[in-house]
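Have a look at upload06.cif; it's mmCIF, C-alpha atoms:
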```cif
data_query
#
loop_
_atom_site.group_PDB
_atom_site.id
_atom_site.type_symbol
_atom_site.label_atom_id
_atom_site.label_comp_id
_atom_site.auth_asym_id
_atom_site.auth_seq_id
_atom_site.Cartn_x
_atom_site.Cartn_y
_atom_site.Cartn_z
ATOM 1 C CA MET A 296 100.693 84.253 128.071
ATOM 2 C CA GLU A 297 104.207 83.435 126.870
ATOM 3 C CA ASP A 298 104.963 84.336 123.261
ATOM 4 C CA ASN A 299 106.152 81.228 121.421
ATOM 5 C CA THR A 300 107.007 83.055 118.182
ATOM 6 C CA ALA A 301 110.481 82.413 116.782
ATOM 7 C CA ILE A 302 110.205 84.423 113.546
ATOM 8 C CA SER A 303 107.873 87.339 112.853
ATOM 9 C CA PHE A 304 107.544 89.444 109.694
ATOM 10 C CA ALA A 305 105.289 92.531 109.643
ATOM 11 C CA ASN A 306 104.717 94.251 106.270
ATOM 12 C CA VAL A 307 108.246 93.445 105.121
ATOM 13 C CA ALA A 308 109.508 94.450 101.677
ATOM 14 C CA ALA A 309 112.861 93.487 100.181
ATOM 15 C CA ARG A 310 114.708 94.786 97.178
ATOM 16 C CA TYR A 311 118.240 94.861 95.868
ATOM 17 C CA GLU A 312 119.998 98.092 94.980
ATOM 18 C CA GLY A 313 118.506 99.698 91.900
ATOM 19 C CA GLY A 314 115.860 97.021 91.477
ATOM 20 C CA ALA A 315 112.155 96.501 92.019
ATOM 21 C CA ASP A 316 110.730 94.758 95.095
ATOM 22 C CA VAL A 317 111.554 91.060 95.319
ATOM 23 C CA LEU A 318 109.127 90.731 98.244
ATOM 24 C CA THR A 319 106.283 93.110 99.128
ATOM 25 C CA ASP A 320 104.137 93.473 102.260
ATOM 26 C CA VAL A 321 105.143 90.098 103.730
ATOM 27 C CA SER A 322 103.608 89.290 107.125
ATOM 28 C CA PHE A 323 103.673 85.991 108.994
ATOM 29 C CA ASN A 324 104.556 84.401 112.331
ATOM 30 C CA ILE A 325 106.446 81.122 112.753
ATOM 31 C CA SER A 326 106.141 79.406 116.117
ATOM 32 C CA ALA A 327 109.168 77.932 117.845
ATOM 33 C CA GLY A 328 109.497 74.257 116.960
ATOM 34 C CA ALA A 329 107.548 74.504 113.698
ATOM 35 C CA PHE A 330 108.577 72.842 110.410
ATOM 36 C CA TYR A 331 107.667 74.552 107.136
ATOM 37 C CA PHE A 332 108.466 73.988 103.510
ATOM 38 C CA LEU A 333 109.160 77.146 101.521
ATOM 39 C CA SER A 334 107.942 76.834 97.944
ATOM 40 C CA GLY A 335 107.808 79.012 94.844
ATOM 41 C CA ALA A 336 109.189 79.243 91.336
ATOM 42 C CA SER A 337 112.875 79.921 90.708
ATOM 43 C CA GLY A 338 113.499 83.617 91.243
ATOM 44 C CA ALA A 339 110.305 84.108 93.250
ATOM 45 C CA GLY A 340 112.190 85.251 96.350
ATOM 46 C CA LYS A 341 112.687 82.108 98.473
ATOM 47 C CA THR A 342 116.404 82.711 98.965
ATOM 48 C CA THR A 343 115.806 86.386 99.720
ATOM 49 C CA LEU A 344 113.319 85.406 102.423
ATOM 50 C CA LEU A 345 115.872 83.093 104.038
ATOM 51 C CA ARG A 346 118.539 85.801 103.830
ATOM 52 C CA LEU A 347 116.193 88.228 105.572
ATOM 53 C CA ILE A 348 115.651 85.780 108.423
ATOM 54 C CA TYR A 349 119.375 85.104 108.782
ATOM 55 C CA GLN A 350 120.090 88.837 108.708
ATOM 56 C CA LEU A 351 122.157 88.712 105.532
ATOM 57 C CA HIS A 352 119.799 91.210 103.896
ATOM 58 C CA THR A 353 118.122 94.266 105.398
ATOM 59 C CA PRO A 354 114.422 94.832 104.673
ATOM 60 C CA ALA A 355 113.522 97.913 102.661
ATOM 61 C CA ASP A 356 110.320 98.311 104.676
ATOM 62 C CA GLY A 357 108.549 96.626 107.566
ATOM 63 C CA GLN A 358 109.732 94.876 110.707
ATOM 64 C CA ILE A 359 111.395 91.542 111.440
ATOM 65 C CA LYS A 360 111.519 89.996 114.897
ATOM 66 C CA LEU A 361 113.657 87.027 115.880
ATOM 67 C CA PHE A 362 113.090 85.452 119.296
ATOM 68 C CA GLY A 363 110.980 88.498 120.158
ATOM 69 C CA LYS A 364 113.701 91.038 119.289
ATOM 70 C CA THR A 365 113.170 93.628 116.569
ATOM 71 C CA THR A 366 116.256 93.273 114.377
ATOM 72 C CA ALA A 367 116.323 96.944 113.308
ATOM 73 C CA ASP A 368 116.784 98.008 116.940
ATOM 74 C CA ILE A 369 119.714 95.827 117.941
ATOM 75 C CA SER A 370 123.469 96.179 117.555
ATOM 76 C CA ARG A 371 125.805 94.253 115.267
ATOM 77 C CA ASP A 372 127.020 92.258 118.260
ATOM 78 C CA GLU A 373 123.449 91.309 119.107
ATOM 79 C CA ILE A 374 122.848 90.298 115.472
ATOM 80 C CA ALA A 375 125.941 88.090 115.715
ATOM 81 C CA ASN A 376 124.529 86.542 118.891
ATOM 82 C CA LEU A 377 121.230 85.866 117.130
ATOM 83 C CA ARG A 378 123.074 84.136 114.304
ATOM 84 C CA GLN A 379 124.729 81.878 116.892
ATOM 85 C CA LYS A 380 121.248 80.431 117.445
ATOM 86 C CA MET A 381 120.664 79.832 113.743
ATOM 87 C CA ALA A 382 122.216 77.854 110.907
ATOM 88 C CA ILE A 383 121.725 78.141 107.174
ATOM 89 C CA VAL A 384 122.364 75.626 104.388
ATOM 90 C CA PHE A 385 123.101 77.608 101.237
ATOM 91 C CA GLN A 386 122.115 76.396 97.791
ATOM 92 C CA GLU A 387 125.667 77.069 96.576
ATOM 93 C CA TYR A 388 127.184 75.100 99.515
ATOM 94 C CA SER A 389 129.541 77.932 100.650
ATOM 95 C CA LEU A 390 132.268 75.527 101.701
ATOM 96 C CA LEU A 391 135.813 76.813 102.228
ATOM 97 C CA SER A 392 137.891 75.277 99.441
ATOM 98 C CA HIS A 393 141.181 75.404 101.380
ATOM 99 C CA LEU A 394 139.759 73.373 104.290
ATOM 100 C CA THR A 395 139.105 69.647 104.361
ATOM 101 C CA VAL A 396 135.621 68.252 104.830
ATOM 102 C CA PHE A 397 136.417 67.655 108.506
ATOM 103 C CA ASP A 398 137.640 71.217 109.031
ATOM 104 C CA ASN A 399 134.664 72.731 107.189
ATOM 105 C CA VAL A 400 132.257 70.895 109.491
ATOM 106 C CA ALA A 401 134.362 71.615 112.586
ATOM 107 C CA LEU A 402 134.608 75.344 111.883
ATOM 108 C CA PRO A 403 131.444 76.523 113.715
ATOM 109 C CA LEU A 404 132.397 74.465 116.780
ATOM 110 C CA ARG A 405 135.891 75.967 116.800
ATOM 111 C CA VAL A 406 134.429 79.456 116.556
ATOM 112 C CA ARG A 407 132.433 78.610 119.700
ATOM 113 C CA GLY A 408 135.557 77.433 121.521
ATOM 114 C CA VAL A 409 134.570 73.761 121.802
ATOM 115 C CA PRO A 410 137.527 71.560 122.877
ATOM 116 C CA GLU A 411 139.178 69.652 120.022
ATOM 117 C CA VAL A 412 138.613 66.262 121.660
ATOM 118 C CA LYS A 413 134.860 66.834 121.545
ATOM 119 C CA ILE A 414 135.003 68.351 118.067
ATOM 120 C CA LYS A 415 136.702 65.210 116.762
ATOM 121 C CA LYS A 416 133.985 62.993 118.200
ATOM 122 C CA LEU A 417 131.054 65.112 117.015
ATOM 123 C CA VAL A 418 132.371 65.743 113.502
ATOM 124 C CA ALA A 419 133.131 62.057 112.981
ATOM 125 C CA LYS A 420 129.637 61.093 114.113
ATOM 126 C CA VAL A 421 127.846 63.662 111.935
ATOM 127 C CA LEU A 422 129.945 62.821 108.860
ATOM 128 C CA ASP A 423 129.204 59.127 109.330
ATOM 129 C CA TRP A 424 125.524 59.908 109.574
ATOM 130 C CA VAL A 425 125.442 61.824 106.280
ATOM 131 C CA GLY A 426 127.468 59.053 104.643
ATOM 132 C CA LEU A 427 130.730 60.968 104.264
ATOM 133 C CA GLY A 428 132.903 59.560 107.055
ATOM 134 C CA LYS A 429 135.549 58.303 104.633
ATOM 135 C CA TYR A 430 135.840 61.753 103.039
ATOM 136 C CA ALA A 431 136.893 63.602 106.205
ATOM 137 C CA ALA A 432 140.379 64.393 104.842
ATOM 138 C CA THR A 433 139.113 65.280 101.355
ATOM 139 C CA PHE A 434 138.885 68.827 100.004
ATOM 140 C CA PRO A 435 135.518 70.076 98.667
ATOM 141 C CA ARG A 436 136.721 70.360 95.049
ATOM 142 C CA ALA A 437 137.139 66.566 94.941
ATOM 143 C CA LEU A 438 133.483 65.957 95.890
ATOM 144 C CA SER A 439 130.366 65.818 93.765
ATOM 145 C CA GLY A 440 127.690 68.496 94.118
ATOM 146 C CA GLY A 441 125.520 66.172 96.178
ATOM 147 C CA GLN A 442 128.394 65.323 98.497
ATOM 148 C CA GLN A 443 129.235 68.987 98.985
ATOM 149 C CA GLN A 444 125.603 69.633 99.865
ATOM 150 C CA ARG A 445 125.747 66.950 102.551
ATOM 151 C CA VAL A 446 128.909 68.551 103.990
ATOM 152 C CA SER A 447 127.066 71.873 104.099
ATOM 153 C CA VAL A 448 124.181 70.223 105.962
ATOM 154 C CA ALA A 449 126.563 68.529 108.408
ATOM 155 C CA ARG A 450 128.222 71.875 109.168
ATOM 156 C CA ALA A 451 124.820 73.471 109.824
ATOM 157 C CA ILE A 452 123.342 70.810 112.092
ATOM 158 C CA ILE A 453 126.438 70.175 114.211
ATOM 159 C CA VAL A 454 125.808 73.348 116.245
ATOM 160 C CA GLN A 455 122.301 72.197 117.184
ATOM 161 C CA PRO A 456 120.677 75.447 115.995
ATOM 162 C CA THR A 457 117.413 76.790 117.361
ATOM 163 C CA ILE A 458 116.440 77.811 113.818
ATOM 164 C CA LEU A 459 117.607 75.925 110.719
ATOM 165 C CA LEU A 460 117.165 77.487 107.277
ATOM 166 C CA ALA A 461 117.814 75.255 104.276
ATOM 167 C CA ASP A 462 117.861 76.475 100.669
ATOM 168 C CA GLU A 463 117.108 73.541 98.332
ATOM 169 C CA PRO A 464 119.190 71.103 100.428
ATOM 170 C CA THR A 465 117.968 68.036 98.515
ATOM 171 C CA GLY A 466 118.229 69.577 95.044
ATOM 172 C CA ASN A 467 121.391 67.658 94.056
ATOM 173 C CA LEU A 468 120.594 64.426 95.886
ATOM 174 C CA ASP A 469 119.057 61.149 94.761
ATOM 175 C CA ASP A 470 115.848 59.968 96.429
ATOM 176 C CA GLU A 471 117.607 57.845 99.057
ATOM 177 C CA ASN A 472 119.936 60.613 100.220
ATOM 178 C CA ALA A 473 117.145 63.186 100.042
ATOM 179 C CA SER A 474 115.092 60.919 102.307
ATOM 180 C CA ARG A 475 118.059 60.504 104.638
ATOM 181 C CA LEU A 476 118.432 64.272 105.036
ATOM 182 C CA MET A 477 114.700 64.753 105.480
ATOM 183 C CA GLU A 478 114.688 62.187 108.286
ATOM 184 C CA LEU A 479 117.599 64.056 109.862
ATOM 185 C CA PHE A 480 115.717 67.357 109.750
ATOM 186 C CA ILE A 481 112.541 65.736 111.102
ATOM 187 C CA GLN A 482 114.396 64.253 114.058
ATOM 188 C CA MET A 483 116.071 67.597 114.778
ATOM 189 C CA ASN A 484 112.618 69.151 114.798
ATOM 190 C CA LYS A 485 111.139 66.493 117.075
ATOM 191 C CA LEU A 486 113.961 65.882 119.510
ATOM 192 C CA PHE A 487 115.708 69.266 119.638
ATOM 193 C CA GLY A 488 112.637 71.419 118.932
ATOM 194 C CA THR A 489 114.509 73.059 116.052
ATOM 195 C CA THR A 490 112.422 75.488 114.014
ATOM 196 C CA ILE A 491 112.984 74.551 110.360
ATOM 197 C CA ILE A 492 112.219 76.338 107.105
ATOM 198 C CA LEU A 493 113.235 74.246 104.100
ATOM 199 C CA ALA A 494 113.059 75.801 100.636
ATOM 200 C CA THR A 495 112.236 73.396 97.815
ATOM 201 C CA HIS A 496 110.510 73.212 94.458
ATOM 202 C CA ASN A 497 110.241 69.411 94.739
ATOM 203 C CA LYS A 498 106.524 68.587 94.795
ATOM 204 C CA LYS A 499 107.242 64.906 95.464
ATOM 205 C CA LEU A 500 109.110 65.878 98.624
ATOM 206 C CA MET A 501 106.251 68.055 99.836
ATOM 207 C CA ASP A 502 103.677 65.379 99.016
ATOM 208 C CA THR A 503 105.685 62.746 100.911
ATOM 209 C CA TYR A 504 106.353 64.785 104.032
ATOM 210 C CA LYS A 505 103.136 66.514 105.002
ATOM 211 C CA PHE A 506 104.418 69.738 106.474
ATOM 212 C CA PRO A 507 102.685 73.086 105.932
ATOM 213 C CA VAL A 508 104.025 75.337 103.217
ATOM 214 C CA LEU A 509 105.032 78.976 102.955
ATOM 215 C CA HIS A 510 104.498 79.801 99.276
ATOM 216 C CA VAL A 511 106.172 82.742 97.518
ATOM 217 C CA GLU A 512 104.384 84.120 94.470
ATOM 218 C CA ASN A 513 103.991 87.580 92.919
ATOM 219 C CA HIS A 514 106.319 89.070 95.558
ATOM 220 C CA ARG A 515 104.107 87.909 98.423
ATOM 221 C CA VAL A 516 104.141 85.024 100.878
ATOM 222 C CA GLY A 517 101.125 82.929 101.825
ATOM 223 C CA PHE A 518 100.417 79.782 103.824
ATOM 224 C CA VAL A 519 99.353 76.487 102.269
ATOM 225 C CA GLY A 520 98.102 73.702 104.540
ATOM 226 C CA LYS A 521 97.886 73.372 108.300
ATOM 227 C CA ALA A 522 100.685 72.359 110.647
ATOM 228 C CA PRO A 523 100.200 68.736 111.767
ATOM 229 C CA ALA A 524 100.831 67.609 115.325
ATOM 230 C CA ALA A 525 104.507 66.700 115.587
ATOM 231 C CA ALA A 526 103.777 63.237 116.964
ATOM 232 C CA LYS A 527 101.541 62.402 114.005
ATOM 233 C CA THR A 528 103.987 63.299 111.233
ATOM 234 C CA GLU A 529 103.963 60.463 108.696
ATOM 235 C CA THR A 530 106.490 59.645 106.004
ATOM 236 C CA LYS A 531 106.347 57.159 103.159
ATOM 237 C CA LYS A 532 110.065 56.652 102.651
ATOM 238 C CA VAL A 533 111.800 53.476 103.771
ATOM 239 C CA TRP A 534 114.450 54.291 106.341
ATOM 240 C CA LYS A 535 117.798 52.835 105.276
ATOM 241 C CA GLY A 536 120.241 54.557 107.614
ATOM 242 C CA PRO A 537 121.017 54.405 111.339
ATOM 243 C CA LYS A 538 118.015 54.675 113.626
ATOM 244 C CA PRO A 539 117.533 58.438 113.927
ATOM 245 C CA GLN A 540 116.063 58.293 117.443
ATOM 246 C CA ASN A 541 119.127 56.529 118.800
ATOM 247 C CA TYR A 542 121.484 58.771 116.838
ATOM 248 C CA PHE A 543 119.948 61.986 118.068
ATOM 249 C CA ALA A 544 119.600 60.810 121.647
ATOM 250 C CA GLU A 545 123.341 60.111 121.660
ATOM 251 C CA LEU A 546 124.278 63.293 119.825
ATOM 252 C CA SER A 547 122.032 65.361 122.085
ATOM 253 C CA LYS A 548 123.839 63.984 125.146
ATOM 254 C CA GLN A 549 127.175 65.020 123.653
ATOM 255 C CA PHE A 550 125.835 68.521 123.011
ATOM 256 C CA ASP A 551 124.762 68.629 126.658
ATOM 257 C CA ASP A 552 128.282 67.604 127.642
ATOM 258 C CA ILE A 553 129.682 70.462 125.543
ATOM 259 C CA GLY A 554 127.350 72.918 127.202
ATOM 260 C CA ASN A 555 128.553 71.822 130.622
ATOM 261 C CA ALA A 556 132.232 71.912 129.710
#
```

Please lay out the structure from this file as structure tokens.
Amino acid sequence: MEDNTAISFANVAARYEGGADVLTDVSFNISAGAFYFLSGASGAGKTTLLRLIYQLHTPADGQIKLFGKTTADISRDEIANLRQKMAIVFQEYSLLSHLTVFDNVALPLRVRGVPEVKIKKLVAKVLDWVGLGKYAATFPRALSGGQQQRVSVARAIIVQPTILLADEPTGNLDDENASRLMELFIQMNKLFGTTIILATHNKKLMDTYKFPVLHVENHRVGFVGKAPAAAKTETKKVWKGPKPQNYFAELSKQFDDIGNA
């Protein structure tokens, strides 16, 4: 039987130099195409867990597998290739201050060698979708925290990742923009099959969007709730943006065009 596991932790511990364990004996499997919230108090270890998945932090003990590959056994080049399949939205935005909004979002496409004519089209479309089209020539320092967060999200999703990790992506957004981003992530999950882990402490968000939860507490990680069937996912928010189905169908076709270039 084919293994559909995208992320696997087996007895993983994490600590920072000179400190106690942030995470201890963490074991779980995340199936490809799943959508999970990641909850827990500030400082509980949510960001550390995301950093472990993205290979920005090495476990002190235990084993991590991504796409069936044990990360401790592969080379730096192979780690870089794994990261090409993933994207992460950092809580602190991590935008390059000397680049415009357009160039920040375009950067991962340029690294992949995508032609500029296609980059221009894709970046414009994604920026319009997150409500920042008119800020393309603006530098990050001129944006609010919420706007910078949306740029960070746009940069992450434009590469159509297989795994998307998001660290409090709605923390600086009002309800309407938080809903807009959640709808974006949901459509990525449904139409692209993107595996998503979204860290949040927002109970209202988790109550509105009924996805299962990975909960971090006392250095350990446990599951809360059961994954619903993707087709039955229900939301209570009123959609106020472009129709996501149409948007993603069009964007997906452009990604296909890039892949065939």

Report as a short mmCIF file (atom, residue, chain, number, x, y, z; two decimals) with C-alpha atoms, in the frame of the given file the full result of the PyMOL selection byres ((chain A and resi 365) around 12) when it is applied to this structure.
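File produced: part25.cif:
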```cif
data_model
loop_
_atom_site.label_atom_id
_atom_site.label_comp_id
_atom_site.auth_asym_id
_atom_site.auth_seq_id
_atom_site.Cartn_x
_atom_site.Cartn_y
_atom_site.Cartn_z
CA ALA A 301 110.48 82.41 116.78
CA ILE A 302 110.20 84.42 113.55
CA SER A 303 107.87 87.34 112.85
CA PHE A 304 107.54 89.44 109.69
CA ALA A 305 105.29 92.53 109.64
CA ILE A 348 115.65 85.78 108.42
CA GLN A 350 120.09 88.84 108.71
CA GLY A 357 108.55 96.63 107.57
CA GLN A 358 109.73 94.88 110.71
CA ILE A 359 111.40 91.54 111.44
CA LYS A 360 111.52 90.00 114.90
CA LEU A 361 113.66 87.03 115.88
CA PHE A 362 113.09 85.45 119.30
CA GLY A 363 110.98 88.50 120.16
CA LYS A 364 113.70 91.04 119.29
CA THR A 366 116.26 93.27 114.38
CA ALA A 367 116.32 96.94 113.31
CA ASP A 368 116.78 98.01 116.94
CA ILE A 369 119.71 95.83 117.94
CA SER A 370 123.47 96.18 117.56
CA GLU A 373 123.45 91.31 119.11
CA ILE A 374 122.85 90.30 115.47
CA LEU A 377 121.23 85.87 117.13
#
```

* Which residues match the PyMOL selection byres ((chain A and resi 388) around 8) in the file above, as a list in words? ->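 With the shown file as input, the PyMOL selection byres ((chain A and resi 388) around 8) matches Val384, Phe385, Gln386, Glu387, Ser389, Leu390, Gln443, Gln444 and Ser447 of chain A.
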
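With CA of Lys505 (chain A) on one side and CA of Ser474 (chain A) on the other, the separation reads 13.5 Å.
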
* Taking the file above as input, evaluate the PyMOL selection byres ((chain A and resi 399) around 12) and report the hits as a VMD selection string. => chain A and resid 388 to 398 400 to 406 414 418 422 430 to 435 443 445 to 451 453

Kindly compute an axis-aligned box around the listed atoms of region 374-379 of chain A, allowing 3 Å on each side, and express its centre and edge lengths in Å to one decimal as JSON.
```
{"center_x": 123.6, "center_y": 86.1, "center_z": 116.6, "size_x": 10.7, "size_y": 14.4, "size_z": 10.6}
```

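Using all atoms listed in the file for every distance, the candidate list A:Leu427, A:Met381, A:Leu486, A:Leu347 yields A:Leu347 as the residue closest to Tyr311 (chain A).
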
* Residues near Thr342 (chain A), cut-off 9 Å, only C-alpha atoms, skip fewer than 2 positions along chain, as number ranges by chain -> A: 338-340, 344-347, 385-386, 462, 494

* Can you tell me how far CA of Tyr331 (chain A) sits from CA of Phe506 (chain A), in Å to one decimal? -> 5.8 Å

* Asked: Quick one, how far is CA of Asn513 (chain A) from CA of Phe323 (chain A)?
  ->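 Result for CA of Asn513 (chain A) versus CA of Phe323 (chain A): 16.2 Å, one decimal.
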
* Nearest-residue call for Gln455 (chain A), choices A:Ile383, A:Leu509, A:Ala437, A:Val519, using all atoms listed in the file ->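 For Gln455 (chain A), the nearest of the candidates is A:Ile383.
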
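When all atoms listed in the file are used to compute distances to Arg475 (chain A), the closest of the residues A:Lys416, A:Pro507, A:Trp424, A:Asn497 turns out to be A:Trp424.
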
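Residue nearest Phe487 (chain A) within the list A:Asp469, A:Ile452, A:Thr503, A:Val511: A:Ile452 [criterion: smallest interatomic distance, all atoms listed in the file].
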
* Using all atoms listed in the file, which of the listed residues (A:Leu417, A:Ala355, A:Ala473, A:Leu438) sits closest to Leu318 (chain A)? -> A:Ala355

* **Within 9 Å of His496 (chain A) using only C-alpha atoms, minus same-chain residues under 5 positions, as a list in words** =>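 So the residues in contact are Leu333, Ser334, Gly335, Ala336, Ser337, Glu463, Gly466 and Met501 of chain A.
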
* **Selected residue of minimal separation from Thr343 (chain A) among A:Val409, A:Leu460, A:Val454, A:Val508, counting only C-alpha atoms** =>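 Of A:Val409, A:Leu460, A:Val454, A:Val508, the one nearest Thr343 (chain A) is A:Leu460, counting only C-alpha atoms.
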